[in-house]
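Undergrad: my_file21.pdb (PDB, C-alpha atoms, pLDDT in the B column) pasted underneath:
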```pdb
ATOM      1  CA  ALA Y 196      13.385   0.450 -16.747  1.00 48.00           C
ATOM      2  CA  THR Y 197      11.286   1.725 -13.874  1.00 54.00           C
ATOM      3  CA  MET Y 198      11.025  -0.222 -10.669  1.00 65.00           C
ATOM      4  CA  GLY Y 199       7.332  -0.278  -9.908  1.00 87.00           C
ATOM      5  CA  VAL Y 200       6.204   0.706  -6.446  1.00 94.00           C
ATOM      6  CA  GLU Y 201       8.771   2.641  -4.380  1.00 95.00           C
ATOM      7  CA  LEU Y 202       6.647   2.833  -1.270  1.00 96.00           C
ATOM      8  CA  LEU Y 203       3.427   1.340  -0.027  1.00 97.00           C
ATOM      9  CA  LEU Y 204       1.679   2.922   2.900  1.00 97.00           C
ATOM     10  CA  LEU Y 205      -1.565   2.264   4.746  1.00 97.00           C
ATOM     11  CA  VAL Y 206      -2.841   5.278   6.603  1.00 97.00           C
ATOM     12  CA  SER Y 207      -6.097   5.744   8.507  1.00 96.00           C
ATOM     13  CA  ARG Y 208      -8.436   8.685   7.960  1.00 94.00           C
ATOM     14  CA  GLN Y 209      -7.124  10.029  11.278  1.00 95.00           C
ATOM     15  CA  GLY Y 210      -3.613  10.033   9.852  1.00 95.00           C
ATOM     16  CA  LYS Y 211      -2.295   7.031  11.784  1.00 96.00           C
ATOM     17  CA  ILE Y 212       0.166   5.001   9.763  1.00 96.00           C
ATOM     18  CA  ARG Y 213      -0.772   1.328   9.910  1.00 96.00           C
ATOM     19  CA  LEU Y 214       1.729  -0.260   7.535  1.00 96.00           C
ATOM     20  CA  THR Y 215       4.698   0.939   5.513  1.00 97.00           C
ATOM     21  CA  LYS Y 216       7.019  -0.734   3.111  1.00 96.00           C
ATOM     22  CA  PHE Y 217       9.830   1.065   1.302  1.00 96.00           C
ATOM     23  CA  TYR Y 218      11.192  -0.567  -1.838  1.00 94.00           C
ATOM     24  CA  LYS Y 219      13.904   2.026  -2.239  1.00 91.00           C
ATOM     25  CA  PRO Y 220      16.567   3.005   0.268  1.00 92.00           C
ATOM     26  CA  TYR Y 221      15.784   6.117   2.295  1.00 93.00           C
ATOM     27  CA  ASP Y 222      17.486   7.055   5.549  1.00 95.00           C
ATOM     28  CA  LYS Y 223      15.396   7.238   8.712  1.00 96.00           C
ATOM     29  CA  LYS Y 224      14.969  11.002   8.622  1.00 97.00           C
ATOM     30  CA  GLU Y 225      13.958  10.928   4.966  1.00 96.00           C
ATOM     31  CA  LYS Y 226      11.476   8.120   5.579  1.00 97.00           C
ATOM     32  CA  THR Y 227       9.786  10.089   8.326  1.00 96.00           C
ATOM     33  CA  ARG Y 228       9.534  13.164   6.116  1.00 97.00           C
ATOM     34  CA  VAL Y 229       8.283  11.240   3.073  1.00 97.00           C
ATOM     35  CA  LEU Y 230       5.616   9.459   5.138  1.00 97.00           C
ATOM     36  CA  ARG Y 231       4.461  12.684   6.752  1.00 96.00           C
ATOM     37  CA  GLU Y 232       4.336  14.646   3.489  1.00 97.00           C
ATOM     38  CA  ILE Y 233       2.606  11.960   1.465  1.00 97.00           C
ATOM     39  CA  SER Y 234       0.043  11.054   4.097  1.00 97.00           C
ATOM     40  CA  SER Y 235      -0.915  14.679   4.698  1.00 96.00           C
ATOM     41  CA  LEU Y 236      -1.170  15.252   0.929  1.00 96.00           C
ATOM     42  CA  VAL Y 237      -3.558  12.342   0.546  1.00 97.00           C
ATOM     43  CA  LEU Y 238      -5.587  13.065   3.678  1.00 96.00           C
ATOM     44  CA  SER Y 239      -6.126  16.703   2.747  1.00 95.00           C
ATOM     45  CA  ARG Y 240      -7.452  15.874  -0.722  1.00 94.00           C
ATOM     46  CA  ALA Y 241     -11.095  16.395  -1.511  1.00 89.00           C
ATOM     47  CA  HIS Y 242     -13.157  13.234  -1.819  1.00 84.00           C
ATOM     48  CA  LYS Y 243     -14.055  13.663  -5.489  1.00 87.00           C
ATOM     49  CA  LEU Y 244     -10.556  14.419  -6.762  1.00 90.00           C
ATOM     50  CA  CYS Y 245      -8.756  11.793  -8.813  1.00 91.00           C
ATOM     51  CA  ASN Y 246      -6.640   9.150  -7.112  1.00 95.00           C
ATOM     52  CA  PHE Y 247      -3.246  10.288  -8.246  1.00 94.00           C
ATOM     53  CA  LEU Y 248      -1.152  13.373  -7.805  1.00 95.00           C
ATOM     54  CA  GLU Y 249       2.303  14.602  -8.691  1.00 96.00           C
ATOM     55  CA  TRP Y 250       4.846  14.820  -5.901  1.00 96.00           C
ATOM     56  CA  ARG Y 251       8.514  15.770  -6.433  1.00 95.00           C
ATOM     57  CA  GLY Y 252       8.615  14.383  -9.964  1.00 95.00           C
ATOM     58  CA  LYS Y 253       6.971  11.172  -8.838  1.00 96.00           C
ATOM     59  CA  LYS Y 254       3.346  10.094  -8.609  1.00 97.00           C
ATOM     60  CA  VAL Y 255       1.338   9.309  -5.530  1.00 98.00           C
ATOM     61  CA  VAL Y 256      -1.398   6.799  -6.354  1.00 97.00           C
ATOM     62  CA  TYR Y 257      -3.922   5.957  -3.673  1.00 97.00           C
ATOM     63  CA  LYS Y 258      -7.318   4.486  -3.030  1.00 96.00           C
ATOM     64  CA  ARG Y 259      -9.489   4.648   0.042  1.00 95.00           C
ATOM     65  CA  TYR Y 260     -11.128   1.458   1.277  1.00 93.00           C
ATOM     66  CA  ALA Y 261     -13.366   1.998   4.330  1.00 89.00           C
ATOM     67  CA  SER Y 262     -11.297   3.870   6.913  1.00 91.00           C
ATOM     68  CA  LEU Y 263      -7.921   3.129   5.314  1.00 95.00           C
ATOM     69  CA  TYR Y 264      -6.036   4.796   2.508  1.00 97.00           C
ATOM     70  CA  PHE Y 265      -3.774   2.496   0.534  1.00 97.00           C
ATOM     71  CA  VAL Y 266      -1.073   4.795  -0.806  1.00 98.00           C
ATOM     72  CA  THR Y 267       1.780   4.096  -3.205  1.00 97.00           C
ATOM     73  CA  LEU Y 268       4.616   6.144  -4.597  1.00 97.00           C
ATOM     74  CA  ILE Y 269       5.692   5.388  -8.155  1.00 96.00           C
ATOM     75  CA  ASP Y 270       8.034   6.821 -10.770  1.00 94.00           C
ATOM     76  CA  GLY Y 271       6.715   9.774 -12.773  1.00 93.00           C
ATOM     77  CA  GLU Y 272       6.752   7.603 -15.894  1.00 92.00           C
ATOM     78  CA  ASP Y 273       4.898   4.673 -14.365  1.00 92.00           C
ATOM     79  CA  ASN Y 274       1.276   3.789 -15.101  1.00 93.00           C
ATOM     80  CA  GLU Y 275      -1.206   4.961 -12.455  1.00 94.00           C
ATOM     81  CA  LEU Y 276      -3.975   2.595 -13.540  1.00 94.00           C
ATOM     82  CA  ILE Y 277      -1.775  -0.468 -13.274  1.00 93.00           C
ATOM     83  CA  THR Y 278      -0.725   0.754  -9.837  1.00 95.00           C
ATOM     84  CA  LEU Y 279      -4.373   1.140  -8.785  1.00 95.00           C
ATOM     85  CA  GLU Y 280      -4.863  -2.448  -9.956  1.00 94.00           C
ATOM     86  CA  LYS Y 281      -1.985  -3.591  -7.727  1.00 94.00           C
ATOM     87  CA  ILE Y 282      -3.547  -1.786  -4.756  1.00 96.00           C
ATOM     88  CA  HIS Y 283      -6.918  -3.362  -5.495  1.00 95.00           C
ATOM     89  CA  HIS Y 284      -5.304  -6.786  -5.843  1.00 95.00           C
ATOM     90  CA  PHE Y 285      -3.693  -6.395  -2.401  1.00 96.00           C
ATOM     91  CA  VAL Y 286      -7.002  -5.272  -0.868  1.00 96.00           C
ATOM     92  CA  GLU Y 287      -8.890  -8.209  -2.406  1.00 96.00           C
ATOM     93  CA  ILE Y 288      -6.376 -10.664  -0.976  1.00 96.00           C
ATOM     94  CA  LEU Y 289      -6.581  -9.020   2.464  1.00 96.00           C
ATOM     95  CA  ASP Y 290     -10.385  -9.145   2.189  1.00 96.00           C
ATOM     96  CA  ARG Y 291     -10.358 -12.850   1.453  1.00 95.00           C
ATOM     97  CA  TYR Y 292      -7.830 -13.576   4.141  1.00 95.00           C
ATOM     98  CA  PHE Y 293      -9.510 -11.547   6.885  1.00 94.00           C
ATOM     99  CA  GLY Y 294     -13.072 -11.789   5.591  1.00 92.00           C
ATOM    100  CA  ASN Y 295     -13.622  -8.131   4.705  1.00 90.00           C
ATOM    101  CA  VAL Y 296     -10.472  -6.445   5.985  1.00 92.00           C
ATOM    102  CA  CYS Y 297     -10.774  -3.519   8.380  1.00 92.00           C
ATOM    103  CA  GLU Y 298      -8.298  -1.280  10.116  1.00 94.00           C
ATOM    104  CA  LEU Y 299      -8.339  -3.426  13.269  1.00 95.00           C
ATOM    105  CA  ASP Y 300      -7.281  -6.497  11.267  1.00 94.00           C
ATOM    106  CA  ILE Y 301      -4.226  -4.593  10.096  1.00 95.00           C
ATOM    107  CA  ILE Y 302      -3.480  -3.293  13.607  1.00 94.00           C
ATOM    108  CA  PHE Y 303      -3.723  -6.691  15.300  1.00 95.00           C
ATOM    109  CA  ASN Y 304      -2.308  -8.791  12.458  1.00 94.00           C
ATOM    110  CA  PHE Y 305       0.128  -6.407  10.836  1.00 91.00           C
ATOM    111  CA  HIS Y 306       2.733  -9.187  10.537  1.00 93.00           C
ATOM    112  CA  LYS Y 307       0.200 -11.120   8.447  1.00 94.00           C
ATOM    113  CA  ALA Y 308      -0.478  -8.108   6.240  1.00 95.00           C
ATOM    114  CA  TYR Y 309       3.285  -7.702   5.701  1.00 94.00           C
ATOM    115  CA  TYR Y 310       3.595 -11.385   4.935  1.00 94.00           C
ATOM    116  CA  ILE Y 311       0.870 -11.181   2.289  1.00 94.00           C
ATOM    117  CA  LEU Y 312       2.432  -8.031   0.873  1.00 95.00           C
ATOM    118  CA  ASP Y 313       5.812  -9.756   0.608  1.00 93.00           C
ATOM    119  CA  GLU Y 314       4.212 -12.571  -1.375  1.00 92.00           C
ATOM    120  CA  LEU Y 315       2.598 -10.028  -3.667  1.00 92.00           C
ATOM    121  CA  LEU Y 316       5.363  -7.494  -4.303  1.00 92.00           C
ATOM    122  CA  ILE Y 317       9.069  -8.153  -4.399  1.00 88.00           C
ATOM    123  CA  GLY Y 318      11.341  -5.161  -4.837  1.00 88.00           C
ATOM    124  CA  GLY Y 319       8.247  -3.134  -5.654  1.00 90.00           C
ATOM    125  CA  GLU Y 320       7.330  -5.349  -8.605  1.00 90.00           C
ATOM    126  CA  LEU Y 321       4.205  -7.487  -8.790  1.00 89.00           C
ATOM    127  CA  GLN Y 322       5.402 -10.999  -8.098  1.00 88.00           C
ATOM    128  CA  GLU Y 323       2.333 -13.170  -7.809  1.00 84.00           C
ATOM    129  CA  THR Y 324      -0.912 -12.456  -9.631  1.00 85.00           C
ATOM    130  CA  SER Y 325      -2.793 -15.469  -8.311  1.00 91.00           C
ATOM    131  CA  LYS Y 326      -4.846 -14.587  -5.241  1.00 92.00           C
ATOM    132  CA  LYS Y 327      -5.357 -18.299  -4.597  1.00 93.00           C
ATOM    133  CA  GLU Y 328      -1.625 -18.938  -4.456  1.00 92.00           C
ATOM    134  CA  ILE Y 329      -0.950 -16.064  -2.054  1.00 92.00           C
ATOM    135  CA  LEU Y 330      -3.811 -17.169   0.203  1.00 92.00           C
ATOM    136  CA  ARG Y 331      -2.547 -20.745   0.111  1.00 91.00           C
ATOM    137  CA  VAL Y 332       0.945 -19.679   1.196  1.00 90.00           C
ATOM    138  CA  ALA Y 333      -0.404 -17.294   3.845  1.00 89.00           C
ATOM    139  CA  GLY Y 334      -2.726 -19.997   5.153  1.00 89.00           C
ATOM    140  CA  ALA Y 335       0.112 -22.523   5.328  1.00 89.00           C
ATOM    141  CA  GLN Y 336       1.922 -20.049   7.586  1.00 82.00           C
ATOM    142  CA  ASP Y 337      -0.978 -20.207  10.037  1.00 82.00           C
ATOM    143  CA  ASP Y 338      -0.822 -23.960  10.485  1.00 74.00           C
TER     144      ASP Y 338
END
```
Spit out the file's structure as structure tokens when you get a sec.

TA:
Amino acid sequence: ATMGVELLLLVSRQGKIRLTKFYKPYDKKEKTRVLREISSLVLSRAHKLCNFLEWRGKKVVYKRYASLYFVTLIDGEDNELITLEKIHHFVEILDRYFGNVCELDIIFNFHKAYYILDELLIGGELQETSKKEILRVAGAQDD
């Protein structure tokens, strides 16, 4: 069985990495290389091209929301459309939490974004489908 998302990455249009989460062990050097390669691949793509591409036998699935690219790395056999759904789900939760999420929200509240992500994906697999539940748990953290 495949393991879902191997990596989730938020990168700005300027190429600044705002959030990363690896769901598969990579050493530090490898991580740096993977992040650099994948972000430059995505950033150099033409606007109208489709949201997934092959990379080293795996698939990079991404979606741009405002000034941020939400990028994932999945197994070559995994479903791109389901992965796009997961990305969208994450963005919708961030939107509700921050009231229309922007890059600054992620910069200043990155711990919150990680917290929400950890409620959503565990080991790269979708854990909680209820936006309400994730927002409830994230909100309880604020109190």

Undergrad: Per residue of range 244-320 of chain Y within 9 Å of range 212-229 of chain Y, note the shortest atom pair and the distance in Å to one decimal, counting only C-alpha atoms, and order the rows by chain and increasing residue number, as CSV.

TA:
```
residue,atom,partner,partner_atom,distance
Y:Leu263,CA,Y:Arg213,CA,8.7
Y:Glu298,CA,Y:Arg213,CA,8.0
Y:Ile301,CA,Y:Arg213,CA,6.9
Y:Ile302,CA,Y:Arg213,CA,6.5
Y:Phe305,CA,Y:Leu214,CA,7.2
Y:Ala308,CA,Y:Leu214,CA,8.3
Y:Tyr309,CA,Y:Leu214,CA,7.8
Y:Leu312,CA,Y:Lys216,CA,8.9
Y:Ile317,CA,Y:Tyr218,CA,8.3
Y:Gly318,CA,Y:Tyr218,CA,5.5
Y:Gly319,CA,Y:Tyr218,CA,5.5
```

Undergrad: Just so the selection is clear, what residues does the PyMOL selection byres ((chain Y and resi 253) around 9) cover here, as a PDB file with C-alpha atoms, in the coordinates of the input?

TA:
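Written out: result.pdb:
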```pdb
ATOM      1  CA  LEU Y 248      -1.152  13.373  -7.805  1.00 95.00           C
ATOM      2  CA  GLU Y 249       2.303  14.602  -8.691  1.00 96.00           C
ATOM      3  CA  TRP Y 250       4.846  14.820  -5.901  1.00 96.00           C
ATOM      4  CA  ARG Y 251       8.514  15.770  -6.433  1.00 95.00           C
ATOM      5  CA  GLY Y 252       8.615  14.383  -9.964  1.00 95.00           C
ATOM      6  CA  LYS Y 254       3.346  10.094  -8.609  1.00 97.00           C
ATOM      7  CA  VAL Y 255       1.338   9.309  -5.530  1.00 98.00           C
ATOM      8  CA  LEU Y 268       4.616   6.144  -4.597  1.00 97.00           C
ATOM      9  CA  ILE Y 269       5.692   5.388  -8.155  1.00 96.00           C
ATOM     10  CA  ASP Y 270       8.034   6.821 -10.770  1.00 94.00           C
ATOM     11  CA  GLY Y 271       6.715   9.774 -12.773  1.00 93.00           C
ATOM     12  CA  GLU Y 272       6.752   7.603 -15.894  1.00 92.00           C
ATOM     13  CA  ASP Y 273       4.898   4.673 -14.365  1.00 92.00           C
TER      14      ASP Y 273
END
```

Undergrad: Which neighbours of Ser235 in chain Y fall inside 12 Å, counting only C-alpha atoms, when residues of the same chain fewer than 2 positions from it are skipped, and could you give them as a list of chain:residue names?

TA: Y:Val206, Y:Ser207, Y:Arg208, Y:Gln209, Y:Gly210, Y:Lys211, Y:Ile212, Y:Arg228, Y:Val229, Y:Leu230, Y:Arg231, Y:Glu232, Y:Ile233, Y:Val237, Y:Leu238, Y:Ser239, Y:Arg240, Y:Val255, Y:Tyr264, Y:Val266

Undergrad: Kindly resolve the PyMOL selection byres ((chain Y and resi 289-294) around 10) on the present coordinates and return the residues as an MDAnalysis selection string.

TA: chainID Y and resid 283:288 295:297 300:301 304 307:308 311:312 326:327 329:331 333:334

Undergrad: What's the separation between CA of Leu321 in chain Y and CA of Lys281 in chain Y, in Å to one decimal place?

TA: 7.4 Å

Undergrad: Rounded to one decimal place, report the CA of Phe265 in chain Y-CA of Leu205 in chain Y distance in Å.

TA: 4.8 Å

Undergrad: One decimal, in Å: what's the spacing between CA of Glu314 in chain Y and CA of Val332 in chain Y?

TA: 8.2 Å

Undergrad: Extending 4 Å beyond the listed atoms of range 227-237 of chain Y on each side, what axis-aligned box results? I want centre and edge lengths in Å to one decimal, as JSON.

TA:
```
{"center_x": 3.1, "center_y": 12.4, "center_z": 4.4, "size_x": 21.3, "size_y": 13.8, "size_z": 15.8}
```

Undergrad: Output: range 233-247 of chain Y of the preceding structure, restricted to N, CA, C and O atoms, written as an mmCIF file, in the first residue's frame.

TA:
```cif
data_model
loop_
_atom_site.group_PDB
_atom_site.id
_atom_site.type_symbol
_atom_site.label_atom_id
_atom_site.label_comp_id
_atom_site.auth_asym_id
_atom_site.auth_seq_id
_atom_site.Cartn_x
_atom_site.Cartn_y
_atom_site.Cartn_z
ATOM 1 N N ILE Y 233 12.315 20.581 -5.964
ATOM 2 C CA ILE Y 233 10.864 20.605 -6.145
ATOM 3 C C ILE Y 233 10.343 22.038 -6.211
ATOM 4 O O ILE Y 233 9.524 22.355 -7.070
ATOM 5 N N SER Y 234 10.836 22.906 -5.341
ATOM 6 C CA SER Y 234 10.318 24.275 -5.402
ATOM 7 C C SER Y 234 10.722 24.963 -6.703
ATOM 8 O O SER Y 234 9.913 25.661 -7.293
ATOM 9 N N SER Y 235 11.922 24.726 -7.199
ATOM 10 C CA SER Y 235 12.273 25.390 -8.461
ATOM 11 C C SER Y 235 11.506 24.796 -9.651
ATOM 12 O O SER Y 235 11.156 25.515 -10.576
ATOM 13 N N LEU Y 236 11.206 23.497 -9.581
ATOM 14 C CA LEU Y 236 10.365 22.875 -10.615
ATOM 15 C C LEU Y 236 9.006 23.557 -10.697
ATOM 16 O O LEU Y 236 8.543 23.939 -11.768
ATOM 17 N N VAL Y 237 8.383 23.691 -9.532
ATOM 18 C CA VAL Y 237 7.038 24.259 -9.462
ATOM 19 C C VAL Y 237 7.045 25.740 -9.859
ATOM 20 O O VAL Y 237 6.224 26.185 -10.658
ATOM 21 N N LEU Y 238 8.007 26.479 -9.326
ATOM 22 C CA LEU Y 238 8.053 27.920 -9.586
ATOM 23 C C LEU Y 238 8.353 28.255 -11.044
ATOM 24 O O LEU Y 238 7.956 29.298 -11.535
ATOM 25 N N SER Y 239 9.049 27.354 -11.733
ATOM 26 C CA SER Y 239 9.402 27.646 -13.121
ATOM 27 C C SER Y 239 8.326 27.192 -14.105
ATOM 28 O O SER Y 239 8.448 27.406 -15.302
ATOM 29 N N ARG Y 240 7.263 26.569 -13.588
ATOM 30 C CA ARG Y 240 6.207 26.089 -14.482
ATOM 31 C C ARG Y 240 5.307 27.212 -14.963
ATOM 32 O O ARG Y 240 4.976 28.110 -14.212
ATOM 33 N N ALA Y 241 4.910 27.090 -16.224
ATOM 34 C CA ALA Y 241 3.985 28.074 -16.782
ATOM 35 C C ALA Y 241 2.634 27.970 -16.079
ATOM 36 O O ALA Y 241 2.212 26.885 -15.683
ATOM 37 N N HIS Y 242 2.007 29.126 -15.949
ATOM 38 C CA HIS Y 242 0.737 29.282 -15.258
ATOM 39 C C HIS Y 242 -0.338 28.292 -15.712
ATOM 40 O O HIS Y 242 -1.070 27.733 -14.918
ATOM 41 N N LYS Y 243 -0.448 28.082 -17.029
ATOM 42 C CA LYS Y 243 -1.571 27.288 -17.528
ATOM 43 C C LYS Y 243 -1.300 25.782 -17.553
ATOM 44 O O LYS Y 243 -2.170 25.019 -17.907
ATOM 45 N N LEU Y 244 -0.114 25.365 -17.188
ATOM 46 C CA LEU Y 244 0.181 23.934 -17.179
ATOM 47 C C LEU Y 244 -0.563 23.234 -16.049
ATOM 48 O O LEU Y 244 -0.939 23.856 -15.063
ATOM 49 N N CYS Y 245 -0.739 21.930 -16.191
ATOM 50 C CA CYS Y 245 -1.501 21.198 -15.173
ATOM 51 C C CYS Y 245 -0.745 21.153 -13.849
ATOM 52 O O CYS Y 245 0.453 21.435 -13.792
ATOM 53 N N ASN Y 246 -1.448 20.809 -12.792
ATOM 54 C CA ASN Y 246 -0.918 20.925 -11.440
ATOM 55 C C ASN Y 246 -0.156 19.709 -10.945
ATOM 56 O O ASN Y 246 0.047 19.562 -9.753
ATOM 57 N N PHE Y 247 0.208 18.827 -11.836
ATOM 58 C CA PHE Y 247 1.080 17.745 -11.383
ATOM 59 C C PHE Y 247 2.149 17.446 -12.416
ATOM 60 O O PHE Y 247 1.966 17.668 -13.600
#
```
